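Okay, structure19.cif now, which holds mmCIF, C-alpha atoms:
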```cif
data_entry
#
loop_
_atom_site.label_atom_id
_atom_site.label_comp_id
_atom_site.auth_asym_id
_atom_site.auth_seq_id
_atom_site.Cartn_x
_atom_site.Cartn_y
_atom_site.Cartn_z
CA MET M 1279 -164.66 18.90 -120.01
CA GLY M 1280 -163.52 22.09 -118.24
CA PHE M 1281 -164.03 24.15 -115.09
CA GLY M 1282 -165.97 27.02 -116.61
CA ASP M 1283 -165.21 30.50 -115.29
CA LEU M 1284 -162.49 29.96 -112.68
CA LYS M 1285 -163.04 33.42 -111.27
CA SER M 1286 -166.62 32.55 -110.36
CA SER M 1287 -167.68 30.70 -107.21
CA ALA M 1288 -169.11 27.85 -109.30
CA GLY M 1289 -165.86 27.37 -111.22
CA LEU M 1290 -163.79 27.39 -108.03
CA GLN M 1291 -166.19 24.93 -106.38
CA LEU M 1292 -165.77 22.54 -109.29
CA LEU M 1293 -161.99 22.93 -109.14
CA ASN M 1294 -162.08 22.20 -105.39
CA THR M 1295 -164.12 19.03 -105.94
CA PHE M 1296 -161.82 17.93 -108.77
CA LEU M 1297 -158.72 18.32 -106.53
CA ALA M 1298 -160.22 16.46 -103.55
CA ASP M 1299 -158.30 13.30 -104.51
CA LYS M 1300 -155.62 14.80 -106.73
CA SER M 1301 -152.40 16.73 -106.16
CA TYR M 1302 -152.17 18.15 -109.67
CA ILE M 1303 -154.43 18.99 -112.64
CA GLU M 1304 -152.75 16.28 -114.73
CA GLY M 1305 -150.45 13.42 -113.71
CA TYR M 1306 -148.37 13.16 -110.56
CA VAL M 1307 -145.98 16.13 -110.90
CA PRO M 1308 -146.53 19.87 -111.42
CA SER M 1309 -146.81 20.75 -115.11
CA GLN M 1310 -147.92 23.45 -117.51
CA ALA M 1311 -151.49 22.24 -116.93
CA ASP M 1312 -151.23 23.48 -113.33
CA ILE M 1313 -149.71 26.79 -114.47
CA ALA M 1314 -152.55 27.35 -116.97
CA ILE M 1315 -155.25 26.80 -114.34
CA PHE M 1316 -153.25 28.71 -111.68
CA GLU M 1317 -153.09 31.77 -113.95
CA ALA M 1318 -156.79 31.46 -114.80
CA VAL M 1319 -157.72 31.38 -111.10
CA GLY M 1320 -155.67 34.52 -110.51
CA ALA M 1321 -155.99 34.69 -106.71
CA ALA M 1322 -156.05 32.33 -103.75
CA PRO M 1323 -159.37 30.48 -103.37
CA PRO M 1324 -161.33 31.09 -100.13
CA PRO M 1325 -160.37 28.97 -97.07
CA GLU M 1326 -163.51 26.83 -97.25
CA LEU M 1327 -162.33 25.49 -100.63
CA PHE M 1328 -159.37 23.88 -98.90
CA HIS M 1329 -158.45 21.41 -101.67
CA ALA M 1330 -158.22 24.21 -104.23
CA LEU M 1331 -156.38 26.46 -101.74
CA ARG M 1332 -153.85 23.69 -100.94
CA TRP M 1333 -153.20 23.19 -104.64
CA TYR M 1334 -152.98 26.95 -105.32
CA ASN M 1335 -150.38 27.54 -102.58
CA HIS M 1336 -148.36 24.52 -103.73
CA ILE M 1337 -148.26 25.65 -107.38
CA LYS M 1338 -147.46 29.21 -106.27
CA SER M 1339 -144.19 27.88 -104.80
CA TYR M 1340 -143.12 26.95 -108.35
CA GLU M 1341 -143.55 30.51 -109.65
CA LYS M 1342 -139.86 30.97 -110.43
CA GLN M 1343 -139.61 27.56 -112.14
CA LYS M 1344 -142.94 27.63 -113.97
CA ALA M 1345 -141.35 28.02 -117.40
CA SER M 1346 -139.31 24.86 -116.88
CA LEU M 1347 -142.22 22.66 -115.78
CA PRO M 1348 -143.06 19.84 -118.22
CA GLY M 1349 -145.89 19.84 -120.73
CA VAL M 1350 -147.45 22.35 -123.08
CA LYS M 1351 -150.28 24.68 -122.13
CA LYS M 1352 -153.62 23.85 -123.71
CA ALA M 1353 -156.91 25.67 -123.87
CA LEU M 1354 -158.53 25.86 -120.43
CA GLY M 1355 -161.44 23.76 -121.65
CA LYS M 1356 -159.07 20.81 -122.16
CA TYR M 1357 -158.53 20.48 -118.41
CA GLY M 1358 -160.84 19.27 -115.67
CA PRO M 1359 -163.57 16.68 -115.18
CA PRO M 1360 -164.49 14.98 -118.46
CA ASP M 1361 -168.21 14.91 -117.74
CA VAL M 1362 -168.65 18.67 -117.37
CA GLU M 1363 -169.33 20.76 -120.46
CA ASP M 1364 -166.59 23.21 -121.47
CA THR M 1365 -167.93 26.76 -121.32
CA THR M 1366 -164.66 28.68 -121.47
CA GLY M 1367 -164.72 29.28 -125.27
CA THR M 1368 -162.26 31.52 -127.10
CA GLY M 1369 -164.38 34.63 -127.46
CA GLY M 1370 -163.88 34.71 -131.23
CA ASP M 1371 -167.12 33.05 -132.44
CA SER M 1372 -170.68 33.78 -131.39
CA LYS M 1373 -172.53 31.07 -129.51
CA ASP M 1374 -175.34 29.04 -131.01
CA GLU M 1375 -178.76 29.91 -129.71
CA ASP M 1376 -178.98 26.55 -127.91
CA ASP M 1377 -175.69 26.98 -126.03
CA ILE M 1378 -176.09 27.61 -122.32
CA ASP M 1379 -173.30 28.98 -120.09
CA LEU M 1380 -173.40 26.51 -117.20
CA PHE M 1381 -171.22 28.62 -114.94
CA GLY M 1382 -172.14 32.18 -115.87
CA SER M 1383 -169.74 35.04 -115.14
CA ASP M 1384 -169.25 37.78 -112.60
CA GLU M 1385 -170.60 40.37 -115.05
CA GLU M 1386 -173.69 38.63 -116.48
CA GLU M 1387 -176.78 37.64 -114.55
CA GLU M 1388 -177.26 33.89 -114.51
CA SER M 1389 -180.61 32.62 -115.71
CA GLU M 1390 -182.67 30.17 -113.70
CA GLU M 1391 -182.24 27.52 -116.41
CA ALA M 1392 -178.44 27.95 -116.40
CA LYS M 1393 -178.40 27.66 -112.60
CA ARG M 1394 -180.47 24.48 -112.73
CA LEU M 1395 -178.24 22.86 -115.36
CA ARG M 1396 -175.07 23.87 -113.53
CA GLU M 1397 -176.36 22.37 -110.27
CA GLU M 1398 -177.33 19.17 -112.09
CA ARG M 1399 -173.84 18.89 -113.59
CA LEU M 1400 -172.20 19.42 -110.21
CA ALA M 1401 -174.53 16.88 -108.60
CA GLN M 1402 -173.68 14.32 -111.30
CA TYR M 1403 -169.97 14.86 -110.78
CA GLU M 1404 -170.27 14.61 -106.98
CA SER M 1405 -172.29 11.41 -107.37
CA LYS M 1406 -169.67 9.79 -109.61
CA LYS M 1407 -166.87 10.89 -107.31
CA SER M 1408 -168.63 9.49 -104.21
CA LYS M 1409 -168.78 6.04 -105.84
CA ARG M 1410 -165.01 5.84 -106.19
CA PRO M 1411 -163.26 3.67 -103.59
CA ALA M 1412 -161.87 5.74 -100.71
CA LEU M 1413 -158.13 6.26 -100.74
CA VAL M 1414 -156.35 4.68 -97.78
CA ALA M 1415 -153.50 6.78 -96.41
CA LYS M 1416 -150.43 4.62 -95.83
CA SER M 1417 -146.85 5.19 -94.68
CA SER M 1418 -143.63 3.25 -95.22
CA ILE M 1419 -141.51 3.25 -92.06
CA LEU M 1420 -137.94 2.06 -91.48
CA LEU M 1421 -137.30 1.26 -87.81
CA ASP M 1422 -134.02 0.93 -85.92
CA VAL M 1423 -134.41 -1.50 -83.00
CA LYS M 1424 -131.39 -1.52 -80.68
CA PRO M 1425 -130.44 -4.38 -78.33
CA TRP M 1426 -128.86 -4.05 -74.89
CA ASP M 1427 -125.46 -5.46 -75.84
CA ASP M 1428 -123.54 -7.76 -78.18
CA GLU M 1429 -124.84 -10.84 -76.36
CA THR M 1430 -128.51 -10.16 -77.18
CA ASP M 1431 -130.05 -12.87 -79.34
CA MET M 1432 -130.89 -10.81 -82.44
CA ALA M 1433 -132.84 -13.63 -84.07
CA LYS M 1434 -135.08 -13.76 -81.05
CA LEU M 1435 -135.35 -9.97 -81.00
CA GLU M 1436 -136.55 -9.95 -84.62
CA GLU M 1437 -138.96 -12.77 -83.88
CA CYS M 1438 -140.45 -10.69 -81.07
CA VAL M 1439 -140.83 -7.64 -83.28
CA ARG M 1440 -142.51 -9.60 -86.09
CA SER M 1441 -144.86 -11.19 -83.58
CA ILE M 1442 -146.58 -7.82 -83.25
CA GLN M 1443 -149.72 -8.08 -85.37
CA ALA M 1444 -152.34 -5.42 -85.99
CA ASP M 1445 -154.92 -4.52 -88.60
CA GLY M 1446 -153.17 -2.14 -91.02
CA LEU M 1447 -149.62 -3.31 -90.18
CA VAL M 1448 -147.43 -5.28 -92.61
CA TRP M 1449 -143.82 -6.18 -91.84
CA GLY M 1450 -141.26 -6.12 -94.64
CA SER M 1451 -137.57 -6.82 -95.11
CA SER M 1452 -134.96 -6.51 -92.38
CA LYS M 1453 -131.22 -6.60 -91.82
CA LEU M 1454 -128.67 -6.31 -89.03
CA VAL M 1455 -126.56 -3.15 -89.07
CA PRO M 1456 -123.32 -2.83 -87.02
CA VAL M 1457 -123.31 0.08 -84.56
CA GLY M 1458 -119.94 -0.53 -82.87
CA TYR M 1459 -118.25 -2.66 -80.20
CA GLY M 1460 -119.65 -5.80 -81.78
CA ILE M 1461 -123.23 -4.64 -81.30
CA LYS M 1462 -125.70 -4.79 -84.19
CA LYS M 1463 -129.12 -3.18 -84.44
CA LEU M 1464 -132.16 -4.58 -86.25
CA GLN M 1465 -133.31 -2.40 -89.14
CA ILE M 1466 -136.77 -3.47 -90.24
CA GLN M 1467 -139.29 -2.11 -92.76
CA CYS M 1468 -143.03 -1.94 -92.27
CA VAL M 1469 -146.06 -0.41 -94.01
CA VAL M 1470 -148.91 0.96 -91.90
CA GLU M 1471 -152.35 2.39 -92.53
CA ASP M 1472 -152.18 5.80 -90.89
CA ASP M 1473 -155.69 5.68 -89.41
CA LYS M 1474 -155.13 2.30 -87.77
CA VAL M 1475 -151.49 2.14 -86.64
CA GLY M 1476 -149.57 4.95 -84.93
CA MET M 1477 -145.92 5.34 -84.01
CA ASP M 1478 -146.74 5.47 -80.31
CA MET M 1479 -148.40 2.07 -80.52
CA LEU M 1480 -145.47 0.55 -82.40
CA GLU M 1481 -142.90 1.92 -79.97
CA GLU M 1482 -144.89 0.77 -76.94
CA LYS M 1483 -145.26 -2.78 -78.24
CA ILE M 1484 -141.65 -3.13 -79.45
CA THR M 1485 -140.02 -1.72 -76.31
CA ALA M 1486 -142.27 -4.00 -74.23
CA PHE M 1487 -139.81 -6.80 -75.15
CA GLU M 1488 -137.45 -5.34 -72.56
CA ASP M 1489 -135.31 -8.47 -72.27
CA TYR M 1490 -134.08 -7.86 -75.82
CA VAL M 1491 -134.91 -4.26 -76.80
CA GLN M 1492 -133.13 -1.23 -75.40
CA SER M 1493 -134.78 1.35 -77.66
CA MET M 1494 -136.53 1.98 -80.97
CA ASP M 1495 -136.03 4.87 -83.39
CA VAL M 1496 -137.51 5.86 -86.75
CA ALA M 1497 -134.79 5.80 -89.42
CA ALA M 1498 -137.05 6.82 -92.33
CA PHE M 1499 -140.71 7.76 -92.75
CA ASN M 1500 -142.42 8.20 -96.13
CA LYS M 1501 -146.05 8.66 -97.13
CA ILE M 1502 -147.24 6.25 -99.82
#
```
As structure tokens - that is how I would like this structure written.
Amino acid sequence: MGFGDLKSSAGLQLLNTFLADKSYIEGYVPSQADIAIFEAVGAAPPPELFHALRWYNHIKSYEKQKASLPGVKKALGKYGPPDVEDTTGTGGDSKDEDDIDLFGSDEEEESEEAKRLREERLAQYESKKSKRPALVAKSSILLDVKPWDDETDMAKLEECVRSIQADGLVWGSSKLVPVGYGIKKLQIQCVVEDDKVGMDMLEEKITAFEDYVQSMDVAAFNKI
């Protein structure tokens, strides 16, 4: 495993591909793994490598806290896609005659054979990655639905809201929350698929029940 020379275009390309569906080098929080790769990269990746650039700018914001991030730094070759040969090395031992640097360096001319093998490795990794199921972006939303007055039938109001059905929309728990003067609002949870259900659509459909609904607001919005 490994990214190869992270100061070369090939190494950065592999890092960009690796981060296409990940926020961090390891796990779900920034760690010493991110700091190790960040320091190896050394400078912001070019704009076209937007996954790597997003990650780089995010880790850069932890510069003052980097010493307190969890984990222990490992050799660079211990990070990255498992199906790509580690070519980072330590510089202490000479290479065997059969070893080939898949990524080359900025100072040494890359042989045709090394280029071919590197491209094959990248193609294999891209192929495996393309077979993974696509991630579906979802959001958890808490809505405040307000009635006209204290005489509004809140059970009927909730029934109307839950009657809204759409592909990518799932209703969750709900409760009535006092707002004053005997009036209660409906607070209801839902999960939506971002590409299929928008806030404008939800608001339009909910406020269409104008006999019961005065207004709708978003109380909380979180990406899943």
Checklist entry - the PyMOL selection byres ((chain M and resi 1452) around 10) on the file shown: which residues, as a VMD selection string? => result chain M and resid 1420 to 1422 1436 1449 to 1451 1453 to 1455 1464 to 1468
Next on the checklist: When you look at range 1324-1328 of chain M with a cut-off of 9 Å (counting only C-alpha atoms), what residues show up, excluding the ones that are within fewer than 6 positions of it in the same chain? I need them as a PyMOL selection string.
Outcome noted: chain M and resi 1290-1291+1293-1295+1298
Next on the checklist: Using only C-alpha atoms for the distances, tell me which of M:Leu1284, M:Gln1492, M:Val1307, M:Asp1299 is nearest to Tyr1340 in chain M.
Outcome noted: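 Closest candidate: M:Val1307.
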Checklist outcome for this item: Restricting to all atoms listed in the file, whichever of M:Gly1349, M:Gly1355, M:Gly1460, M:Pro1360 is closest to Arg1399 in chain M is M:Pro1360
Residue neighbourhood Ser1441 in chain M, 12 Å, all atoms listed in the file, exclusion window fewer than 5 positions, as a short mmCIF file (atom, residue, chain, number, x, y, z; two decimals) with C-alpha atoms, in the coordinates of the input:
```
data_model
loop_
_atom_site.label_atom_id
_atom_site.label_comp_id
_atom_site.auth_asym_id
_atom_site.auth_seq_id
_atom_site.Cartn_x
_atom_site.Cartn_y
_atom_site.Cartn_z
CA LYS M 1434 -135.08 -13.76 -81.05
CA LEU M 1435 -135.35 -9.97 -81.00
CA GLU M 1436 -136.55 -9.95 -84.62
CA LEU M 1447 -149.62 -3.31 -90.18
CA VAL M 1448 -147.43 -5.28 -92.61
CA TRP M 1449 -143.82 -6.18 -91.84
CA LEU M 1480 -145.47 0.55 -82.40
CA LYS M 1483 -145.26 -2.78 -78.24
CA ILE M 1484 -141.65 -3.13 -79.45
CA PHE M 1487 -139.81 -6.80 -75.15
#
```
Item to check | Closest of M:Tyr1302, M:Phe1316, M:Phe1499, M:Tyr1403 to Val1469 in chain M - atom-to-atom distances counting only C-alpha atoms | outcome: M:Phe1499
Evaluate the PyMOL selection byres ((chain M and resi 1414) around 9) here and jot the selected residues down as an mmCIF file with C-alpha atoms, keeping the file's coordinate frame.
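Contents of selection.cif, as written:
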```cif
data_model
loop_
_atom_site.group_PDB
_atom_site.id
_atom_site.type_symbol
_atom_site.label_atom_id
_atom_site.label_comp_id
_atom_site.auth_asym_id
_atom_site.auth_seq_id
_atom_site.Cartn_x
_atom_site.Cartn_y
_atom_site.Cartn_z
ATOM 1 C CA ALA M 1412 -161.870 5.740 -100.710
ATOM 2 C CA LEU M 1413 -158.130 6.260 -100.740
ATOM 3 C CA ALA M 1415 -153.500 6.780 -96.410
ATOM 4 C CA LYS M 1416 -150.430 4.620 -95.830
ATOM 5 C CA GLU M 1471 -152.350 2.390 -92.530
ATOM 6 C CA ASP M 1472 -152.180 5.800 -90.890
ATOM 7 C CA ASP M 1473 -155.690 5.680 -89.410
#
```
Checklist entry - Separation of CA of Lys1356 in chain M and CA of Lys1285 in chain M, in Å? => result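 So the two atoms, CA of Lys1356 in chain M and CA of Lys1285 in chain M, lie 17.1 Å apart.
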Checklist entry - M:Glu1429, M:Glu1304, M:Glu1397, M:Glu1404: which is nearest Lys1462 in chain M, counting only C-alpha atoms? => result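 The shortest atom-to-atom distance to Lys1462 in chain M comes from M:Glu1429.
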Item to check | Who sits within 7 Å of Ser1493 in chain M, all atoms listed in the file, same chain under 3 positions skipped, as a PyMOL selection string | outcome: chain M and resi 1423-1424+1485
Checklist outcome for this item: Restricting to only C-alpha atoms, whichever of M:Ala1353, M:Met1432, M:Ala1322, M:Met1477 is closest to Lys1338 in chain M is M:Ala1322
Checklist entry - Could you state the separation of CA of Ala1288 in chain M and CA of Ala1345 in chain M in Å, given to one decimal place? => result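 Going from CA of Ala1288 in chain M over to CA of Ala1345 in chain M covers 28.9 Å.
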Adding 3 Å on each side of the box along x, y and z that holds all listed atoms of range 1290-1296 of chain M, could you give its centre and edge lengths in Å to one decimal, as lines of an AutoDock Vina configuration file?
```
center_x = -164.0
center_y = 22.7
center_z = -107.3
size_x = 10.4
size_y = 15.5
size_z = 9.9
```
Next on the checklist: Using all atoms listed in the file and a cutoff of 10 Å, can you tell me which residues are near (-161.5, 23.0, -111.5) in the file's coordinates, and write them out as a list of chain:residue names?
Outcome noted: M:Met1279, M:Gly1280, M:Phe1281, M:Gly1282, M:Asp1283, M:Leu1284, M:Ala1288, M:Gly1289, M:Leu1290, M:Gln1291, M:Leu1292, M:Leu1293, M:Asn1294, M:Thr1295, M:Phe1296, M:Leu1297, M:Ile1303, M:Ile1315, M:Val1319, M:Ala1330, M:Leu1354, M:Tyr1357, M:Gly1358, M:Pro1359
Checklist entry - Which value, in Å to one decimal, gives the distance between CA of Ala1318 in chain M and CA of Ser1389 in chain M? => result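 Separation of CA of Ala1318 in chain M and CA of Ser1389 in chain M: 23.9 Å.
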Checklist entry - Pick the closest to Ile1461 in chain M from M:Asp1312, M:Glu1391, M:Asp1427, M:Glu1317: which is it, counting only C-alpha atoms? => result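 That would be M:Asp1427, the residue with the smallest distance to Ile1461 in chain M.
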